[in-house]
>>> print(open('entry_19.cif').read())   # mmCIF, C-alpha atoms
data_coords
#
loop_
_atom_site.group_PDB
_atom_site.id
_atom_site.type_symbol
_atom_site.label_atom_id
_atom_site.label_comp_id
_atom_site.auth_asym_id
_atom_site.auth_seq_id
_atom_site.Cartn_x
_atom_site.Cartn_y
_atom_site.Cartn_z
ATOM 1 C CA MET O 1175 0.000 0.000 0.000
ATOM 2 C CA HIS O 1176 1.278 3.472 -0.888
ATOM 3 C CA MET O 1177 1.261 5.962 1.912
ATOM 4 C CA ILE O 1178 1.835 9.595 1.193
ATOM 5 C CA THR O 1179 4.407 10.958 3.559
ATOM 6 C CA ARG O 1180 3.837 14.612 2.657
ATOM 7 C CA PRO O 1181 4.834 17.200 0.124
ATOM 8 C CA LEU O 1182 8.548 17.813 0.311
ATOM 9 C CA PRO O 1183 9.145 19.796 3.506
ATOM 10 C CA LYS O 1184 11.903 22.218 2.478
ATOM 11 C CA GLY O 1185 12.066 24.982 -0.063
ATOM 12 C CA ARG O 1186 9.622 25.780 -2.778
ATOM 13 C CA HIS O 1187 7.151 23.006 -3.466
ATOM 14 C CA MET O 1188 5.755 24.174 -6.824
ATOM 15 C CA MET O 1189 7.582 25.345 -9.907
ATOM 16 C CA PRO O 1190 6.126 26.780 -13.128
ATOM 17 C CA VAL O 1191 6.180 24.612 -16.256
ATOM 18 C CA ALA O 1192 6.008 25.932 -19.816
ATOM 19 C CA GLU O 1193 2.871 24.856 -21.679
ATOM 20 C CA LYS O 1194 4.956 23.162 -24.369
ATOM 21 C CA ASP O 1195 6.639 21.018 -21.692
ATOM 22 C CA LEU O 1196 3.404 19.736 -20.144
ATOM 23 C CA ASP O 1197 2.407 16.097 -20.210
ATOM 24 C CA PRO O 1198 0.248 15.376 -23.316
ATOM 25 C CA ARG O 1199 -2.777 14.644 -21.081
ATOM 26 C CA LEU O 1200 -2.563 18.155 -19.656
ATOM 27 C CA GLN O 1201 -2.043 19.667 -23.094
ATOM 28 C CA ASP O 1202 -5.231 17.886 -24.233
ATOM 29 C CA LEU O 1203 -7.117 19.274 -21.221
ATOM 30 C CA LEU O 1204 -5.865 22.783 -21.980
ATOM 31 C CA ARG O 1205 -7.103 22.515 -25.578
ATOM 32 C CA TYR O 1206 -10.465 21.246 -24.299
ATOM 33 C CA TRP O 1207 -10.731 24.147 -21.792
ATOM 34 C CA GLN O 1208 -9.782 26.669 -24.478
ATOM 35 C CA GLY O 1209 -12.455 25.231 -26.788
ATOM 36 C CA LYS O 1210 -15.066 25.461 -24.021
ATOM 37 C CA ARG O 1211 -14.197 29.121 -23.516
ATOM 38 C CA ALA O 1212 -15.505 29.702 -27.065
ATOM 39 C CA GLY O 1213 -14.029 33.208 -27.290
ATOM 40 C CA ARG O 1214 -15.003 34.111 -23.716
ATOM 41 C CA ARG O 1215 -12.496 34.930 -21.012
ATOM 42 C CA TYR O 1216 -13.685 31.994 -18.897
ATOM 43 C CA ALA O 1217 -15.361 28.674 -19.352
ATOM 44 C CA ALA O 1218 -18.033 27.720 -16.830
ATOM 45 C CA ARG O 1219 -18.302 24.450 -14.900
ATOM 46 C CA ALA O 1220 -21.539 23.801 -16.803
ATOM 47 C CA ASP O 1221 -19.577 23.777 -20.090
ATOM 48 C CA PHE O 1222 -17.767 20.557 -19.160
ATOM 49 C CA ASP O 1223 -18.990 17.026 -19.774
ATOM 50 C CA PRO O 1224 -17.313 14.564 -17.389
ATOM 51 C CA LEU O 1225 -17.325 11.939 -20.153
ATOM 52 C CA ASP O 1226 -15.026 14.205 -22.175
ATOM 53 C CA LEU O 1227 -12.581 14.203 -19.261
ATOM 54 C CA LYS O 1228 -12.448 10.421 -18.948
ATOM 55 C CA PRO O 1229 -8.654 10.134 -19.594
ATOM 56 C CA VAL O 1230 -7.937 12.377 -16.583
ATOM 57 C CA LEU O 1231 -11.134 12.119 -14.531
ATOM 58 C CA GLY O 1232 -9.410 10.607 -11.468
ATOM 59 C CA ASN O 1233 -6.813 13.388 -11.627
ATOM 60 C CA ILE O 1234 -9.362 16.228 -11.494
ATOM 61 C CA LEU O 1235 -9.896 18.676 -8.650
ATOM 62 C CA LEU O 1236 -12.724 21.180 -8.495
ATOM 63 C CA VAL O 1237 -12.135 23.950 -5.987
ATOM 64 C CA ASP O 1238 -14.887 26.363 -4.969
ATOM 65 C CA VAL O 1239 -13.882 29.996 -4.510
ATOM 66 C CA VAL O 1240 -15.957 31.141 -1.535
ATOM 67 C CA ALA O 1241 -16.180 34.919 -1.083
ATOM 68 C CA GLN O 1242 -15.788 36.146 2.493
ATOM 69 C CA ASP O 1243 -17.359 39.221 4.104
ATOM 70 C CA ASP O 1244 -13.982 40.988 4.230
ATOM 71 C CA GLY O 1245 -13.540 40.673 0.445
ATOM 72 C CA SER O 1246 -11.082 37.785 0.626
ATOM 73 C CA SER O 1247 -11.727 34.259 -0.608
ATOM 74 C CA ARG O 1248 -11.506 30.808 0.913
ATOM 75 C CA PHE O 1249 -11.033 27.668 -1.125
ATOM 76 C CA ARG O 1250 -12.807 24.352 -0.611
ATOM 77 C CA TYR O 1251 -12.415 21.083 -2.499
ATOM 78 C CA ARG O 1252 -15.722 20.355 -4.222
ATOM 79 C CA LEU O 1253 -14.209 17.298 -5.922
ATOM 80 C CA PHE O 1254 -11.005 15.511 -4.976
ATOM 81 C CA GLY O 1255 -10.286 12.956 -7.695
ATOM 82 C CA SER O 1256 -9.628 9.302 -6.917
ATOM 83 C CA GLU O 1257 -5.954 9.532 -7.955
ATOM 84 C CA PHE O 1258 -5.439 12.424 -5.516
ATOM 85 C CA THR O 1259 -7.190 10.387 -2.833
ATOM 86 C CA PHE O 1260 -4.775 7.513 -3.530
ATOM 87 C CA TYR O 1261 -1.667 9.703 -3.208
ATOM 88 C CA HIS O 1262 -2.946 11.655 -0.206
ATOM 89 C CA GLY O 1263 -4.297 8.589 1.557
ATOM 90 C CA ARG O 1264 -7.726 10.158 2.053
ATOM 91 C CA ASP O 1265 -10.490 12.018 0.240
ATOM 92 C CA LEU O 1266 -10.375 15.763 0.862
ATOM 93 C CA THR O 1267 -13.725 16.518 -0.819
ATOM 94 C CA GLY O 1268 -15.468 19.189 1.259
ATOM 95 C CA GLN O 1269 -12.268 20.237 3.068
ATOM 96 C CA TRP O 1270 -10.973 23.800 3.171
ATOM 97 C CA LEU O 1271 -7.511 24.283 1.688
ATOM 98 C CA ASP O 1272 -6.538 26.520 4.606
ATOM 99 C CA ASP O 1273 -6.933 23.459 6.869
ATOM 100 C CA ILE O 1274 -3.997 21.643 5.195
ATOM 101 C CA ALA O 1275 -1.568 20.761 8.004
ATOM 102 C CA ASN O 1276 1.740 21.268 6.153
ATOM 103 C CA THR O 1277 2.022 25.057 6.492
ATOM 104 C CA GLY O 1278 4.677 25.606 3.812
ATOM 105 C CA PHE O 1279 2.779 23.603 1.221
ATOM 106 C CA ARG O 1280 -0.579 25.097 2.301
ATOM 107 C CA ASP O 1281 0.650 28.691 2.062
ATOM 108 C CA GLU O 1282 2.182 28.127 -1.355
ATOM 109 C CA LEU O 1283 -0.971 26.369 -2.591
ATOM 110 C CA LEU O 1284 -3.256 29.131 -1.302
ATOM 111 C CA ALA O 1285 -1.066 31.804 -2.912
ATOM 112 C CA LEU O 1286 -1.265 29.929 -6.202
ATOM 113 C CA TYR O 1287 -5.076 29.685 -6.066
ATOM 114 C CA ARG O 1288 -5.328 33.385 -5.152
ATOM 115 C CA GLU O 1289 -3.152 34.167 -8.200
ATOM 116 C CA VAL O 1290 -5.458 32.184 -10.504
ATOM 117 C CA VAL O 1291 -8.527 33.975 -9.104
ATOM 118 C CA THR O 1292 -7.023 37.481 -9.021
ATOM 119 C CA ALA O 1293 -5.365 37.327 -12.439
ATOM 120 C CA GLY O 1294 -8.153 35.203 -13.927
ATOM 121 C CA GLU O 1295 -5.502 33.182 -15.724
ATOM 122 C CA MET O 1296 -4.440 29.537 -15.766
ATOM 123 C CA ARG O 1297 -1.287 28.302 -14.097
ATOM 124 C CA THR O 1298 0.910 25.364 -15.065
ATOM 125 C CA LEU O 1299 3.281 23.805 -12.561
ATOM 126 C CA SER O 1300 5.201 20.819 -11.300
ATOM 127 C CA TYR O 1301 5.533 19.568 -7.739
ATOM 128 C CA ASP O 1302 6.960 16.565 -5.922
ATOM 129 C CA TYR O 1303 5.608 14.194 -3.278
ATOM 130 C CA LEU O 1304 7.433 11.598 -1.247
ATOM 131 C CA VAL O 1305 5.656 8.258 -1.472
ATOM 132 C CA ASP O 1306 7.232 5.190 0.133
ATOM 133 C CA ASP O 1307 10.487 7.171 0.367
ATOM 134 C CA ARG O 1308 10.544 7.809 -3.392
ATOM 135 C CA ARG O 1309 10.088 11.181 -5.037
ATOM 136 C CA HIS O 1310 7.071 11.330 -7.364
ATOM 137 C CA ARG O 1311 6.999 14.274 -9.762
ATOM 138 C CA PHE O 1312 3.644 15.628 -10.892
ATOM 139 C CA GLN O 1313 2.637 18.245 -13.418
ATOM 140 C CA ALA O 1314 -0.579 20.186 -13.050
ATOM 141 C CA VAL O 1315 -2.771 22.883 -14.528
ATOM 142 C CA LEU O 1316 -5.133 25.198 -12.668
ATOM 143 C CA LEU O 1317 -7.902 26.623 -14.855
ATOM 144 C CA PRO O 1318 -10.223 29.463 -13.792
ATOM 145 C CA LEU O 1319 -13.963 28.919 -14.250
ATOM 146 C CA SER O 1320 -16.794 31.420 -13.957
ATOM 147 C CA ALA O 1321 -20.565 30.915 -13.964
ATOM 148 C CA ASP O 1322 -21.262 34.612 -14.708
ATOM 149 C CA GLY O 1323 -18.318 35.242 -17.052
ATOM 150 C CA ARG O 1324 -16.883 37.956 -14.778
ATOM 151 C CA ARG O 1325 -15.851 36.496 -11.418
ATOM 152 C CA VAL O 1326 -13.804 33.319 -11.003
ATOM 153 C CA ASP O 1327 -15.953 31.139 -8.748
ATOM 154 C CA MET O 1328 -14.258 27.792 -9.271
ATOM 155 C CA VAL O 1329 -10.874 26.416 -10.265
ATOM 156 C CA LEU O 1330 -10.517 23.201 -12.223
ATOM 157 C CA GLY O 1331 -7.241 21.512 -11.398
ATOM 158 C CA CYS O 1332 -5.651 18.474 -12.941
ATOM 159 C CA GLY O 1333 -2.436 16.838 -11.791
ATOM 160 C CA VAL O 1334 -0.758 13.829 -13.359
ATOM 161 C CA PRO O 1335 2.286 11.806 -12.257
ATOM 162 C CA VAL O 1336 5.145 12.144 -14.740
ATOM 163 C CA ALA O 1337 8.216 10.595 -13.045
ATOM 164 C CA VAL O 1338 9.497 8.680 -10.038
ATOM 165 C CA TYR O 1339 13.030 9.208 -8.659
#
>>> encode(input="entry_19.cif", output="structure tokens")
Amino acid sequence: MHMITRPLPKGRHMMPVAEKDLDPRLQDLLRYWQGKRAGRRYAARADFDPLDLKPVLGNILLVDVVAQDDGSSRFRYRLFGSEFTFYHGRDLTGQWLDDIANTGFRDELLALYREVVTAGEMRTLSYDYLVDDRRHRFQAVLLPLSADGRRVDMVLGCGVPVAVY
């Protein structure tokens, strides 16, 4: 059984990746997302058919952007794909991202989601996890979604394993 130890504890956990260097599964998802935008700034969650996402369905995250009274946002996992559940050792669906125990990883992750929401732009990245004392490299995309076409209210994430060291 694979047990996730934790994201790597020292230094920066996430690094940008050029679109051209992304795993082909993520490149396909980006093309799909761009097609669903249909000339709009954002696609909406309603634009997506889960059957179209079958090759990466277990690698999908949906994160709600929940506006707070002070104008800030909190982030909650609406969907935590089965592959993420496998690597994390538990399903985080319904959990707030600011409740993640590893503070370095949590702070970097929250900053990244705030960037996606504030800029209204996708992000591409790589990150590593230690699983059974081996480093597993992942690549991921974070894609802003908006029901009203103006405010990002959800982020679609997809992360795929690309190497083991």
>>> closest_atom_pairs(input="entry_19.cif", of="range 1207-1263 of chain O", to="range 1321-1336 of chain O", cutoff="9 Å", atoms="only C-alpha atoms", output="CSV")
residue,atom,partner,partner_atom,distance
O:Arg1214,CA,O:Gly1323,CA,7.5
O:Arg1215,CA,O:Gly1323,CA,7.0
O:Tyr1216,CA,O:Gly1323,CA,6.0
O:Ala1217,CA,O:Gly1323,CA,7.6
O:Ala1218,CA,O:Ala1321,CA,5.0
O:Arg1219,CA,O:Ala1321,CA,6.9
O:Ala1220,CA,O:Ala1321,CA,7.7
O:Val1230,CA,O:Cys1332,CA,7.5
O:Leu1231,CA,O:Cys1332,CA,8.5
O:Gly1232,CA,O:Cys1332,CA,8.8
O:Asn1233,CA,O:Cys1332,CA,5.4
O:Ile1234,CA,O:Cys1332,CA,4.6
O:Leu1235,CA,O:Gly1331,CA,4.8
O:Leu1236,CA,O:Leu1330,CA,4.8
O:Val1237,CA,O:Val1329,CA,5.1
O:Asp1238,CA,O:Met1328,CA,4.6
O:Val1239,CA,O:Asp1327,CA,4.9
O:Val1240,CA,O:Asp1327,CA,7.2
O:Ala1241,CA,O:Asp1327,CA,8.5
O:Phe1249,CA,O:Met1328,CA,8.8
O:Gly1255,CA,O:Cys1332,CA,8.9
O:Glu1257,CA,O:Val1334,CA,8.6
O:Phe1258,CA,O:Gly1333,CA,8.2
>>> closest_residue(input="entry_19.cif", among="O:Val1291, O:Val1305, O:Phe1279, O:Thr1298", to="His1262 in chain O", atoms="all atoms listed in the file")
O:Val1305
>>> closest_residue(input="entry_19.cif", among="O:Arg1248, O:Arg1264, O:Arg1199, O:His1187", to="Val1315 in chain O", atoms="all atoms listed in the file")
O:Arg1199
>>> atom_distance(input="entry_19.cif", atom1="CA of Val1338 in chain O", atom2="CA of Met1189 in chain O")
16.8 Å
>>> atom_distance(input="entry_19.cif", atom1="CA of Asn1276 in chain O", atom2="CA of Asp1244 in chain O")
25.3 Å
>>> closest_residue(input="entry_19.cif", among="O:Glu1295, O:Asp1197, O:Phe1254, O:Gln1242", to="Ala1337 in chain O", atoms="only C-alpha atoms")
O:Asp1197
>>> resolve_selection(input="entry_19.cif", expression="the PyMOL selection byres ((chain O and resi 1266) around 8)", output="tab-separated table (two decimals) with C-alpha atoms, keeping the file's coordinate frame")
chain	number	residue	atom	x	y	z
O	1251	TYR	CA	-12.42	21.08	-2.50
O	1253	LEU	CA	-14.21	17.30	-5.92
O	1254	PHE	CA	-11.00	15.51	-4.98
O	1259	THR	CA	-7.19	10.39	-2.83
O	1264	ARG	CA	-7.73	10.16	2.05
O	1265	ASP	CA	-10.49	12.02	0.24
O	1267	THR	CA	-13.72	16.52	-0.82
O	1268	GLY	CA	-15.47	19.19	1.26
O	1269	GLN	CA	-12.27	20.24	3.07
>>> closest_residue(input="entry_19.cif", among="O:Leu1284, O:Val1290, O:Gly1278, O:Arg1205", to="Ser1320 in chain O", atoms="only C-alpha atoms")
O:Val1290
>>> axis_aligned_box(input="entry_19.cif", around="range 1299-1317 of chain O", padding_each_side="4 Å", output="lines of an AutoDock Vina configuration file")
center_x = 1.3
center_y = 15.9
center_z = -7.2
size_x = 26.4
size_y = 29.4
size_z = 23.2
>>> atom_distance(input="entry_19.cif", atom1="CA of Leu1317 in chain O", atom2="CA of Trp1207 in chain O")
7.9 Å
>>> residues_around(input="entry_19.cif", residues="Lys1194 in chain O", least_positions_apart="4", cutoff="12 Å", atoms="all atoms listed in the file", output="short mmCIF file (atom, residue, chain, number, x, y, z; two decimals) with C-alpha atoms, in the coordinates of the input")
data_model
loop_
_atom_site.label_atom_id
_atom_site.label_comp_id
_atom_site.auth_asym_id
_atom_site.auth_seq_id
_atom_site.Cartn_x
_atom_site.Cartn_y
_atom_site.Cartn_z
CA PRO O 1190 6.13 26.78 -13.13
CA PRO O 1198 0.25 15.38 -23.32
CA ARG O 1199 -2.78 14.64 -21.08
CA LEU O 1200 -2.56 18.16 -19.66
CA GLN O 1201 -2.04 19.67 -23.09
CA ASP O 1202 -5.23 17.89 -24.23
CA LEU O 1204 -5.86 22.78 -21.98
CA THR O 1298 0.91 25.36 -15.06
CA LEU O 1299 3.28 23.80 -12.56
#
>>> closest_residue(input="entry_19.cif", among="O:Trp1270, O:Thr1292, O:Ala1285, O:Gly1209", to="Gly1245 in chain O", atoms="only C-alpha atoms")
O:Thr1292
>>> closest_residue(input="entry_19.cif", among="O:Lys1228, O:Arg1308, O:Arg1211, O:Arg1297", to="Leu1283 in chain O", atoms="all atoms listed in the file")
O:Arg1297
